[in-house]
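Notes follow once the structure below has been shown.
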4 protein chains.
Amino acid sequence: MALIVEKTSSGREYKVKDMSQADFGRLELELAEVEMPGLMACRTEFGPAQPFKGARITGSLHMTIQTAVLIETLTALGAEVRWCSCNIFSTQDHAAAAIARDSAAVFAWKGETLQEYWWCTERALDWGPGGGPDLIVDDGGDATLLIHEGVKAEEIFEKTGQVPDPTSTDNPEFQIVLSIIKEGLQVDPKKYHKMKERLVGVSEETTTGVKRLYQMQESGALLFPAINVNDSVTKSKFDNLYGCRHSLPDGLMRATDVMIAGKVAVICGYGDVGKGCAAAMKTAGARVIVTEIDPICALQAMMEGLQVLTLEDVVSEADIFVTTTGNKDIIMVDHMRKMKNNAIVCNIGHFDNEIDMQGLETFPGVKRITIKPQTDRWVFPDTKSGIIVLAEGRLMNLGCATGHPSFVMSYPFTNQVIAQLELWNEKSSGKYEKKVYVLPKHLDEKVAALHLGKLGAKLTKLTKDI
Amino acid sequence: MALIVEKTSSGREYKVKDMSQADFGRLELELAEVEMPGLMACRTEFGPAQPFKGARITGSLHMTIQTAVLIETLTALGAEVRWCSCNIFSTQDHAAAAIARDSAAVFAWKGETLQEYWWCTERALDWGPGGGPDLIVDDGGDATLLIHEGVKAEEIFEKTGQVPDPTSTDNPEFQIVLSIIKEGLQVDPKKYHKMKERLVGVSEETTTGVKRLYQMQESGALLFPAINVNDSVTKSKFDNLYGCRHSLPDGLMRATDVMIAGKVAVICGYGDVGKGCAAAMKTAGARVIVTEIDPICALQAMMEGLQVLTLEDVVSEADIFVTTTGNKDIIMVDHMRKMKNNAIVCNIGHFDNEIDMQGLETFPGVKRITIKPQTDRWVFPDTKSGIIVLAEGRLMNLGCATGHPSFVMSYPFTNQVIAQLELWNEKSSGKYEKKVYVLPKHLDEKVAALHLGKLGAKLTKLTKDI
Amino acid sequence: MALIVEKTSSGREYKVKDMSQADFGRLELELAEVEMPGLMACRTEFGPAQPFKGARITGSLHMTIQTAVLIETLTALGAEVRWCSCNIFSTQDHAAAAIARDSAAVFAWKGETLQEYWWCTERALDWGPGGGPDLIVDDGGDATLLIHEGVKAEEIFEKTGQVPDPTSTDNPEFQIVLSIIKEGLQVDPKKYHKMKERLVGVSEETTTGVKRLYQMQESGALLFPAINVNDSVTKSKFDNLYGCRHSLPDGLMRATDVMIAGKVAVICGYGDVGKGCAAAMKTAGARVIVTEIDPICALQAMMEGLQVLTLEDVVSEADIFVTTTGNKDIIMVDHMRKMKNNAIVCNIGHFDNEIDMQGLETFPGVKRITIKPQTDRWVFPDTKSGIIVLAEGRLMNLGCATGHPSFVMSYPFTNQVIAQLELWNEKSSGKYEKKVYVLPKHLDEKVAALHLGKLGAKLTKLTKDI
Amino acid sequence: MALIVEKTSSGREYKVKDMSQADFGRLELELAEVEMPGLMACRTEFGPAQPFKGARITGSLHMTIQTAVLIETLTALGAEVRWCSCNIFSTQDHAAAAIARDSAAVFAWKGETLQEYWWCTERALDWGPGGGPDLIVDDGGDATLLIHEGVKAEEIFEKTGQVPDPTSTDNPEFQIVLSIIKEGLQVDPKKYHKMKERLVGVSEETTTGVKRLYQMQESGALLFPAINVNDSVTKSKFDNLYGCRHSLPDGLMRATDVMIAGKVAVICGYGDVGKGCAAAMKTAGARVIVTEIDPICALQAMMEGLQVLTLEDVVSEADIFVTTTGNKDIIMVDHMRKMKNNAIVCNIGHFDNEIDMQGLETFPGVKRITIKPQTDRWVFPDTKSGIIVLAEGRLMNLGCATGHPSFVMSYPFTNQVIAQLELWNEKSSGKYEKKVYVLPKHLDEKVAALHLGKLGAKLTKLTKDI
């Protein structure tokens, strides 16, 4: 797509795939609202006071229907919002269209190139001459990264006059980041400093981003306060476990229509994501085999009747392979070569380096047959045997289906709203330093409580008596 | 669509939605072949002898990817084939296109009107002046019905000169049937008699069609032999149970993206289909309530920890309603009015009269909002509360998803091939009279055995010793 | 025990282990009554009319607490009853004591020798000079067998003067049967003929007995009408499946206290009993492997995510082996020698010839260590490795635990009462010939319905409209 | 029992119920060894070096077969051991006999009075004139408590000459504790001080004891170092969850023989114990209802398809009630009065104050009928309706069955051995102060790893590459 910003009749900027899908997006958004009681409760509780009045929020988080309900909760509380996705395949174009038309500046579409991806990120952060956002909602930490790298480059430039050199790195994605910063420097050598000055804080959605934040905290490089939403119990123990239990079979079915019953499914990693995936496959009638490096998780798998073996033991007999480890180089091209014809290989971890896509793409004589978008059959030249790779090795539930359902996303997104409120309300109190914080347990419990009513649950009350 | 027959370059007739999807259909067909070992084994075992050489086969059965593999198994064994779908929503257009281009005459598309549906059925039966098909593969019995009604009308016409009067019935679908027969009469007053003369027999796929056949057998009206494929164990105990366990959540997810965990799901009927549906909902984390009329099935539900109540007991507290009964008038508009906002209502039984669509459509002031094709929200005027109806009350797994997966369809379709072979091989032997037959147990076991290898199962051998 | 009949103060005969357990038996009987709503409903419905007034009923069926409730239902309806167990290990001594003291003549104790077993059977059939019982409740067919063999021997004796020769057979159990008949002949050469004359019919509980009955029907040898209770749906699809799902883990736990989670359990046979066993092991956290000869059952196992292999494939890696096949020679001593140390071997099928106990007992140098009654460790001399055999290879759920729980036994026993009533009420009508009959579906449904109320189930009513 | 210490022929003290059960205990002990690979690995790894040479270990922990394997692991590593149980119902008498005869001084039997219980505890701590033990293995903290209370009393006595006054407290159990200390004072006014001086540390097994330890740490009252074994992941996430999943149905079956399928089971509390219990009941075919005070746990229950209600909502419709909360006053006599006839009420939490036994026992006119030991039916006078209470409201899995199986107990007991080794090895290093410590993660992982081999699991190795 030509990277030209468009404007709504009201003058709000956007770049989405197809604005005509806005009505469809709105309809699905309305369905999702009913499934996201935590966010709707925030609108009811906080909306009247307009706590975000005057606040600019930039989000970098999968631009889905569920995120749309989050965005409109932020605007309902008074915020101005600019948004981009945090994954090239995860945008739902009808959601992006509805939000762009009705509520916030959106720069996102399904199937961005990496170049386009970072252009979108930069657009979402750019609030014009007055500096950047007051608050960031981040997922994976790319918005936070861009600011930190920008500030670093500006400092070097100020001291040495040197601009960043994209050719100084082998990593093609980081080359793009450096190019963007370089261009920015040439327009305004204080662009990212101004952002940093204005910024009150960030709330981070996921493990990857949280890891980066703690590293920056430790090295003293963190430029603003951060709230770690990922480690709220209502996030990690729900989104990961129950979300993936839902979205793994959903993605498999939409991508391949394959019968899961009777198959052998290998789940690499038995953390929360792996536990959700294994439960889904087992109850659908597959025989599940787990690979693990951690003896405690391995023992949990055994207690559930799952076999724990190495990938090498089962690579040629299994039908479905799912990576969930958060580590890299889990399924290599040499594994893939030994698999059965039409074995399915996919990743549901946040990182896209669990499956050796580069090894596969560069394997001599390999042939790629695209069955449909996000579903490719790769045929090896010697055996004529093919494997089916989903979402090019990226998050298969967002690439091949619609990600986690609204209800389970309502938990972390309610945490997000609460985290953003906390940062904004305390912006002048000095409560939050340039560190990483977790929400207190009572707020975590509040998030859970907001979702129980919709499900018809009734809590028992503890008495004071000891 | 304009009802005009088209022709391939080789002169074969067809009418499909979009021939450009043929390549896509072919790719998915190739995937399905790997998942349908029973059909592929038939090609290997019987193909060389070309047993269907000279046989004309007409099929009226959901024109899906799986059916495409069935059709190409029949042609691989030497048959000429004409095909239509047996449900207005069940055609997969890419499957239809691939078959139309490469293998057989197809008249089918997703979203036919009833008028179009019967036009397609008539086209599939019309083999030109030389009469109709030698064999029929039927699903629900519509092709069989048309011939029987045609023959009946021709007899009356011969005796009395009277042509059928479409206004003589209130049933709009039957009006169409009568119109078609009437038109046929005017062209050739022996059209259906010629079909009947030529016809060797029919193999019937499903409960509904089988019921009709037994009724005709009892009343002496059956005009040709029939093999009941439905009651093969490898059909009824697999397709119904394991197929629906797979395709109910698939349809729900694709249509609504709703989280199943935490919801209350009501399964109306606890036969094989209901058992599969209940298992799927339970393992996905829903609380399942069953409604039943049969005390034995009710007791089975209780033994699995499911509550058995009446629809009235739970109509206002449940989130998902699925009909599986095979009876009519299960969920009436008065039930729907009492449901929670955005309750999901769908049918996975073969009949489309389990949900009172007419009552809903004609409810005063009701508003229909189409979220996307096959997913409608119906809003009641008084409460402003809406319910979500899938696939207009028809088979939701074929309407909203892609039906049962290939592997489980390979069982009944292998039965179909064996049944068709049996009828054709015995066409002159007098083995089959104008009655309904079930395949013998050893053929049923053969079908099962053909699928075990693919799954890696190893059977124990019984010794002769007593 | 000395085989001397004792008498209660009221003069009723009995032979049980310990009459002092009668109070304990009565307490458990009262608990069981609450769990057996079908039997209690029979007392309420039929009791006042005393339909069994004047009827003598002999039962040969595991003398458990549940059977005690059956017996007292029969007496509550007016019958006189004599009872024995149909398995040497299955009597619950407190149940036998309570019934002997309060309600009926009982000849049964846990741990009978085969000699004692047949003595008890003969006692239960002997109603004094006036002939035998009017009705028999049989389980496995031993009471029926004794009468048939007795009549046969009497006929030979009448014609030839020859008495049965116990040494004519190798089967030690049949030697005992012949001895008993021989002794009977010497007292009264028409003893079994008189029984046959009086007998109205038998209702048979289980597969084994039913098989024998159909064989006798086919050969024309059946001497009186029989009702096959086993094939009532409320028997075979409940007792076998849900009963074993409960009683297999119960027996394993009581006998061995072994943790099931994490173990590999091999279930030999995947019929109804096998399905119940596999479900129990799987949900307790074991990995389940099935062995099967039938491809359809094997395919069902695969669809549930279970591996299907041969015993040879897994004999040295599994921890728990359960036979459920109804066939003989399933686990041979050569298998047992290859098992892991302390592998558990047990049988839950009716026959006691699934496990090669004779091969084990006669294996050179094998050492038997009795951990506790019904739990033996057998150590092989070469490996010093031992296996644990439950209940000496007989029904482990009755040998090591208390058999099926009351609620699930209430189904078949209610069928028994209904069958006995049917035979007795029609004794003069000629309705039942010397054939095997199944109860009609409406009675089967009645049995189910009688149990739904206790569980809180509410049935939907079918309307007449078509 | 007369509280007189007996001696083996070798002079070791003991007091057990029946020494003739020692052989039986030994046989079961040998079975358990095969199921406790962690403990056996400790014997192999550490045994040769005899690290506990010269160490006196006192244990206060359920005197079961599994504990017997722990004790003999400690002695195999060189320790001298004295042992008592930590619950009046939890001793397995054959285990106590085998250990008393062969390995250690044991003071324990099933069914102690509270008086006897504390006598046993005091005996286990009394190593003669030279002071007490070097190390304590505690479960619930009673041995630790006795020393702390003893020291406190001795200090008061030294300062004021005052001895403890048992009548100063209402708590009958604490009266006994004070009496024992008082008697001790009169013999040796430095008895507990000497114990304290000698003591190197304690390792505590369970939540209750750990809570007490942290309270003492906070108040500065802790007299020696303590290792919290309870919070090792291989303890809390295995023993609680998988142990109870096994032992709840085991206890229910042995105590009542009741069918679980079809019943409504209420699980009070959805922590790790509650999760295990709920899973067991659900998979056995019960409908499970959870009560909770914590919204996060409640939400987890909902995600598994379980209903969350208050006890009041369901008290009159449920069949089985299980308390798992760790809080008191969960099921009160007013609840019990409203229950269905023969509803089962039991506790599987460590505390015995979850069920209002006092309210029940003192309810006017209530009648207690003991079906068998640990299974009582309590009948209310007005309704004549009874409820069944297991193990007098104490731990039902130890009272009615044999507690957790060996395999799952091998995890915490291996932690115990490692903790004891750590305390002993570091006794002079000053590493451990008078605080509560948790074992490091690598030791936790070691415990898990020691159990994987037995289950046949194969771990993947993580590479160093980042």
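Residues are referred to by chain and number: the chain letter is A, B, ... according to the order shown in the structure tokens, the number counts from 1 in that chain, and ligands are numbered separately from 1 in the order shown.
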What are the residues of chain D that have an atom within 10 Å of an atom of chain A, counting only C-alpha atoms, as a ChimeraX atom specification? /D:233-234,237-238,241-242,268-269,290-304,306-313,327-330,408,444-452,455-463,465-466
Would you pick out the contacts of segment 250-264 of chain D at 8 Å or less, using only C-alpha atoms, so that residues sharing its chain but fewer than 2 positions from it are not included, and give the list as a PDB file with N, CA and C atoms, in the first residue's frame?
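And here is the file that came out, out.pdb:
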```pdb
ATOM      1  N   MET B 302     -27.152 -37.724  32.530  1.00  0.00           N
ATOM      2  CA  MET B 302     -26.911 -37.569  33.963  1.00  0.00           C
ATOM      3  C   MET B 302     -25.631 -38.295  34.386  1.00  0.00           C
ATOM      4  N   MET B 303     -25.394 -39.482  33.826  1.00  0.00           N
ATOM      5  CA  MET B 303     -24.200 -40.257  34.183  1.00  0.00           C
ATOM      6  C   MET B 303     -22.918 -39.537  33.751  1.00  0.00           C
ATOM      7  N   GLU B 304     -23.053 -38.613  32.802  1.00  0.00           N
ATOM      8  CA  GLU B 304     -21.893 -37.822  32.374  1.00  0.00           C
ATOM      9  C   GLU B 304     -21.810 -36.493  33.113  1.00  0.00           C
ATOM     10  N   GLY B 305     -22.669 -36.311  34.114  1.00  0.00           N
ATOM     11  CA  GLY B 305     -22.590 -35.091  34.911  1.00  0.00           C
ATOM     12  C   GLY B 305     -23.310 -33.901  34.301  1.00  0.00           C
ATOM     13  N   LEU B 306     -24.135 -34.155  33.303  1.00  0.00           N
ATOM     14  CA  LEU B 306     -24.888 -33.070  32.666  1.00  0.00           C
ATOM     15  C   LEU B 306     -26.266 -32.958  33.305  1.00  0.00           C
TER      16      LEU B 306
ATOM     17  N   GLU C  35     -30.299 -45.394  47.444  1.00  0.00           N
ATOM     18  CA  GLU C  35     -29.629 -45.286  46.155  1.00  0.00           C
ATOM     19  C   GLU C  35     -30.252 -46.172  45.073  1.00  0.00           C
ATOM     20  N   TYR C 242     -20.846 -47.497  33.015  1.00  0.00           N
ATOM     21  CA  TYR C 242     -20.704 -46.596  34.159  1.00  0.00           C
ATOM     22  C   TYR C 242     -20.334 -47.359  35.426  1.00  0.00           C
ATOM     23  N   HIS C 246     -16.666 -46.759  37.527  1.00  0.00           N
ATOM     24  CA  HIS C 246     -16.584 -46.529  38.966  1.00  0.00           C
ATOM     25  C   HIS C 246     -15.736 -47.596  39.653  1.00  0.00           C
ATOM     26  N   ASP C 250     -11.826 -48.103  41.915  1.00  0.00           N
ATOM     27  CA  ASP C 250     -12.112 -48.485  43.296  1.00  0.00           C
ATOM     28  C   ASP C 250     -11.343 -49.749  43.657  1.00  0.00           C
ATOM     29  N   MET C 253      -7.515 -49.108  43.780  1.00  0.00           N
ATOM     30  CA  MET C 253      -7.092 -48.345  44.954  1.00  0.00           C
ATOM     31  C   MET C 253      -7.137 -49.201  46.215  1.00  0.00           C
ATOM     32  N   ARG C 254      -8.226 -49.921  46.400  1.00  0.00           N
ATOM     33  CA  ARG C 254      -8.326 -50.722  47.626  1.00  0.00           C
ATOM     34  C   ARG C 254      -7.281 -51.831  47.648  1.00  0.00           C
ATOM     35  N   THR C 402     -16.210 -53.489  46.305  1.00  0.00           N
ATOM     36  CA  THR C 402     -17.570 -53.967  46.605  1.00  0.00           C
ATOM     37  C   THR C 402     -18.437 -54.044  45.370  1.00  0.00           C
ATOM     38  N   PRO C 405     -21.658 -49.823  42.309  1.00  0.00           N
ATOM     39  CA  PRO C 405     -22.423 -49.143  43.359  1.00  0.00           C
ATOM     40  C   PRO C 405     -23.928 -49.335  43.178  1.00  0.00           C
ATOM     41  N   SER C 406     -24.622 -49.077  44.252  1.00  0.00           N
ATOM     42  CA  SER C 406     -26.050 -49.368  44.305  1.00  0.00           C
ATOM     43  C   SER C 406     -26.833 -48.726  43.171  1.00  0.00           C
ATOM     44  N   PHE C 407     -26.526 -47.454  42.902  1.00  0.00           N
ATOM     45  CA  PHE C 407     -27.380 -46.745  41.947  1.00  0.00           C
ATOM     46  C   PHE C 407     -27.372 -47.424  40.586  1.00  0.00           C
ATOM     47  N   VAL C 408     -26.205 -47.805  40.110  1.00  0.00           N
ATOM     48  CA  VAL C 408     -26.133 -48.398  38.770  1.00  0.00           C
ATOM     49  C   VAL C 408     -26.666 -49.823  38.778  1.00  0.00           C
ATOM     50  N   LEU C 455     -32.229 -38.188  40.607  1.00  0.00           N
ATOM     51  CA  LEU C 455     -31.115 -37.364  40.126  1.00  0.00           C
ATOM     52  C   LEU C 455     -31.529 -35.932  39.833  1.00  0.00           C
TER      53      LEU C 455
ATOM     54  N   HIS D 246      -6.849 -38.040  43.505  1.00  0.00           N
ATOM     55  CA  HIS D 246      -6.842 -39.494  43.711  1.00  0.00           C
ATOM     56  C   HIS D 246      -7.615 -39.892  44.973  1.00  0.00           C
ATOM     57  N   SER D 247      -7.349 -39.205  46.064  1.00  0.00           N
ATOM     58  CA  SER D 247      -7.784 -39.729  47.361  1.00  0.00           C
ATOM     59  C   SER D 247      -9.201 -39.316  47.754  1.00  0.00           C
ATOM     60  N   LEU D 248      -9.761 -38.271  47.132  1.00  0.00           N
ATOM     61  CA  LEU D 248     -11.152 -37.944  47.453  1.00  0.00           C
ATOM     62  C   LEU D 248     -12.093 -39.064  47.000  1.00  0.00           C
ATOM     63  N   VAL D 266     -20.684 -30.617  45.829  1.00  0.00           N
ATOM     64  CA  VAL D 266     -20.314 -29.242  46.146  1.00  0.00           C
ATOM     65  C   VAL D 266     -18.904 -29.243  46.719  1.00  0.00           C
ATOM     66  N   MET D 281     -14.354 -35.297  40.897  1.00  0.00           N
ATOM     67  CA  MET D 281     -15.806 -35.484  40.899  1.00  0.00           C
ATOM     68  C   MET D 281     -16.380 -35.316  39.486  1.00  0.00           C
ATOM     69  N   ALA D 284     -15.636 -38.256  37.298  1.00  0.00           N
ATOM     70  CA  ALA D 284     -16.371 -39.454  37.705  1.00  0.00           C
ATOM     71  C   ALA D 284     -17.853 -39.340  37.342  1.00  0.00           C
ATOM     72  N   GLY D 285     -18.255 -38.222  36.745  1.00  0.00           N
ATOM     73  CA  GLY D 285     -19.631 -38.103  36.271  1.00  0.00           C
ATOM     74  C   GLY D 285     -20.550 -37.323  37.188  1.00  0.00           C
ATOM     75  N   ALA D 286     -19.993 -36.653  38.188  1.00  0.00           N
ATOM     76  CA  ALA D 286     -20.834 -35.793  39.023  1.00  0.00           C
ATOM     77  C   ALA D 286     -20.965 -34.422  38.374  1.00  0.00           C
ATOM     78  N   ARG D 287     -22.016 -33.716  38.765  1.00  0.00           N
ATOM     79  CA  ARG D 287     -22.124 -32.300  38.427  1.00  0.00           C
ATOM     80  C   ARG D 287     -21.530 -31.543  39.598  1.00  0.00           C
ATOM     81  N   VAL D 288     -20.570 -30.677  39.326  1.00  0.00           N
ATOM     82  CA  VAL D 288     -19.813 -30.033  40.393  1.00  0.00           C
ATOM     83  C   VAL D 288     -20.215 -28.574  40.542  1.00  0.00           C
ATOM     84  N   ILE D 289     -20.453 -28.181  41.767  1.00  0.00           N
ATOM     85  CA  ILE D 289     -20.720 -26.780  42.094  1.00  0.00           C
ATOM     86  C   ILE D 289     -19.653 -26.342  43.090  1.00  0.00           C
ATOM     87  N   GLU D 317     -30.093 -29.401  47.524  1.00  0.00           N
ATOM     88  CA  GLU D 317     -30.180 -30.206  46.300  1.00  0.00           C
ATOM     89  C   GLU D 317     -28.937 -31.038  46.027  1.00  0.00           C
ATOM     90  N   ALA D 318     -27.867 -30.806  46.764  1.00  0.00           N
ATOM     91  CA  ALA D 318     -26.622 -31.519  46.466  1.00  0.00           C
ATOM     92  C   ALA D 318     -26.542 -32.838  47.230  1.00  0.00           C
ATOM     93  N   ASP D 319     -25.658 -33.718  46.753  1.00  0.00           N
ATOM     94  CA  ASP D 319     -25.525 -35.052  47.341  1.00  0.00           C
ATOM     95  C   ASP D 319     -24.232 -35.228  48.123  1.00  0.00           C
ATOM     96  N   ILE D 320     -23.192 -34.517  47.699  1.00  0.00           N
ATOM     97  CA  ILE D 320     -21.874 -34.697  48.305  1.00  0.00           C
ATOM     98  C   ILE D 320     -21.296 -33.312  48.590  1.00  0.00           C
ATOM     99  N   GLN D 374     -15.442 -44.441  61.074  1.00  0.00           N
ATOM    100  CA  GLN D 374     -15.248 -43.261  60.231  1.00  0.00           C
ATOM    101  C   GLN D 374     -16.426 -42.979  59.295  1.00  0.00           C
ATOM    102  N   THR D 375     -17.474 -43.746  59.376  1.00  0.00           N
ATOM    103  CA  THR D 375     -18.663 -43.485  58.564  1.00  0.00           C
ATOM    104  C   THR D 375     -19.873 -43.469  59.481  1.00  0.00           C
ATOM    105  N   LEU D 390     -18.123 -38.194  57.237  1.00  0.00           N
ATOM    106  CA  LEU D 390     -16.951 -39.068  57.139  1.00  0.00           C
ATOM    107  C   LEU D 390     -15.859 -38.614  58.108  1.00  0.00           C
ATOM    108  N   MET D 396     -10.688 -36.747  55.456  1.00  0.00           N
ATOM    109  CA  MET D 396     -11.408 -37.960  55.068  1.00  0.00           C
ATOM    110  C   MET D 396     -10.541 -38.924  54.277  1.00  0.00           C
ATOM    111  N   ASN D 397      -9.551 -38.396  53.560  1.00  0.00           N
ATOM    112  CA  ASN D 397      -8.758 -39.316  52.746  1.00  0.00           C
ATOM    113  C   ASN D 397      -7.836 -40.178  53.610  1.00  0.00           C
ATOM    114  N   LEU D 398      -7.382 -39.617  54.726  1.00  0.00           N
ATOM    115  CA  LEU D 398      -6.584 -40.435  55.634  1.00  0.00           C
ATOM    116  C   LEU D 398      -7.478 -41.223  56.586  1.00  0.00           C
ATOM    117  N   GLY D 399      -8.636 -40.664  56.921  1.00  0.00           N
ATOM    118  CA  GLY D 399      -9.514 -41.358  57.855  1.00  0.00           C
ATOM    119  C   GLY D 399     -10.242 -42.523  57.206  1.00  0.00           C
ATOM    120  N   CYS D 400     -10.700 -42.338  55.976  1.00  0.00           N
ATOM    121  CA  CYS D 400     -11.541 -43.362  55.332  1.00  0.00           C
ATOM    122  C   CYS D 400     -10.784 -44.182  54.297  1.00  0.00           C
ATOM    123  N   ALA D 401      -9.661 -43.668  53.800  1.00  0.00           N
ATOM    124  CA  ALA D 401      -8.867 -44.453  52.853  1.00  0.00           C
ATOM    125  C   ALA D 401      -7.424 -44.441  53.366  1.00  0.00           C
ATOM    126  N   THR D 402      -6.473 -44.528  52.496  1.00  0.00           N
ATOM    127  CA  THR D 402      -5.086 -44.623  52.948  1.00  0.00           C
ATOM    128  C   THR D 402      -4.292 -43.371  52.618  1.00  0.00           C
TER     129      THR D 402
END
```
Could you write out, as an MDAnalysis selection string, all the residues of segment 231-452 of chain B that DSSP marks as helix (DSSP H, G or I)? chainID B and resid 233:256 272:283 295:303 311:314 333:338 357:361 391:393 396:400 406:425 441:452
Quick one: of A:Thr383, A:Asn415, A:Asn240, A:Thr169, who's nearest to Gly38 of chain A, counting only C-alpha atoms?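 Nearest to Gly38 of chain A: A:Asn415.
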Could you pull out all residues of segment 338-457 of chain B with a DSSP call of strand (DSSP E) and give them as a PyMOL selection string? chain B and resi 343-347+367-372+375-379+386-390+436-438
Quick one: residues within 9 Å of Glu80 of chain D, only C-alpha atoms counted, chain neighbours fewer than 5 positions away excluded, as a list in words?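 Returned residues: Phe52, Lys53, Gly54, Ala55, Arg56, Ile57, Thr58, Leu74, Thr75, Ser103, Ala104 and Ala105 of chain D.
Note that atom CA of Arg198 of chain B and atom CA of Gln420 of chain B are 15.0 Å apart.
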Could you name the residues that touch Gly132 of chain D at 12 Å or less, counting only C-alpha atoms, but leaving out those on the same chain fewer than 4 positions away, as a PyMOL selection string? chain D and resi 55-59+80-82+122-128+136+143-144+147+190-201
Leaving out segment 25-34 of chain B and any residue of its chain fewer than 5 positions from it, which residues lie within 6 Å of it when counting only C-alpha atoms, given as a list in words? Ile65, His94, Ala95, Ala98 and Ser406 of chain B
Which one of B:Ala2, B:Ser9, B:Asp138, B:Leu146 sits closest to Glu116 of chain B if you count only C-alpha atoms?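 Of the candidates, the smallest distance to Glu116 of chain B is held by B:Ala2.
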Polymer residues at most 8 Å from Ala419 of chain A, only C-alpha atoms, same-chain spacing of 6 or more positions, as a list of chain:residue names: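 Using only C-alpha atoms, the neighbours found are A:Ser203, A:Ile227, A:Val229, A:Leu439.
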Next, the residues of the selection above should be written as a PDB file, in the first residue's frame with C-alpha atoms.
```
ATOM      1  CA  SER A 203       1.436  -0.343  30.417  1.00  0.00           C
ATOM      2  CA  ILE A 227       3.118  -1.165  34.593  1.00  0.00           C
ATOM      3  CA  VAL A 229      -0.062  -5.989  33.030  1.00  0.00           C
ATOM      4  CA  LEU A 439      -0.953  -3.993  39.779  1.00  0.00           C
TER       5      LEU A 439
END
```
Pro189 of chain D environment, 9 Å, only C-alpha atoms, sequence neighbours closer than 6 positions dropped, as number ranges by chain: D: 154, 157-158
Enter the distance from atom CA of His442 of chain A to atom CA of Asp272 of chain A, in Å, rounded to one decimal. 22.6 Å
Would you compute the distance between atom CA of Asp352 of chain A and atom CA of Gly393 of chain A? Give it in Å to one decimal.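 Calculated distance between atom CA of Asp352 of chain A and atom CA of Gly393 of chain A is 6.1 Å.
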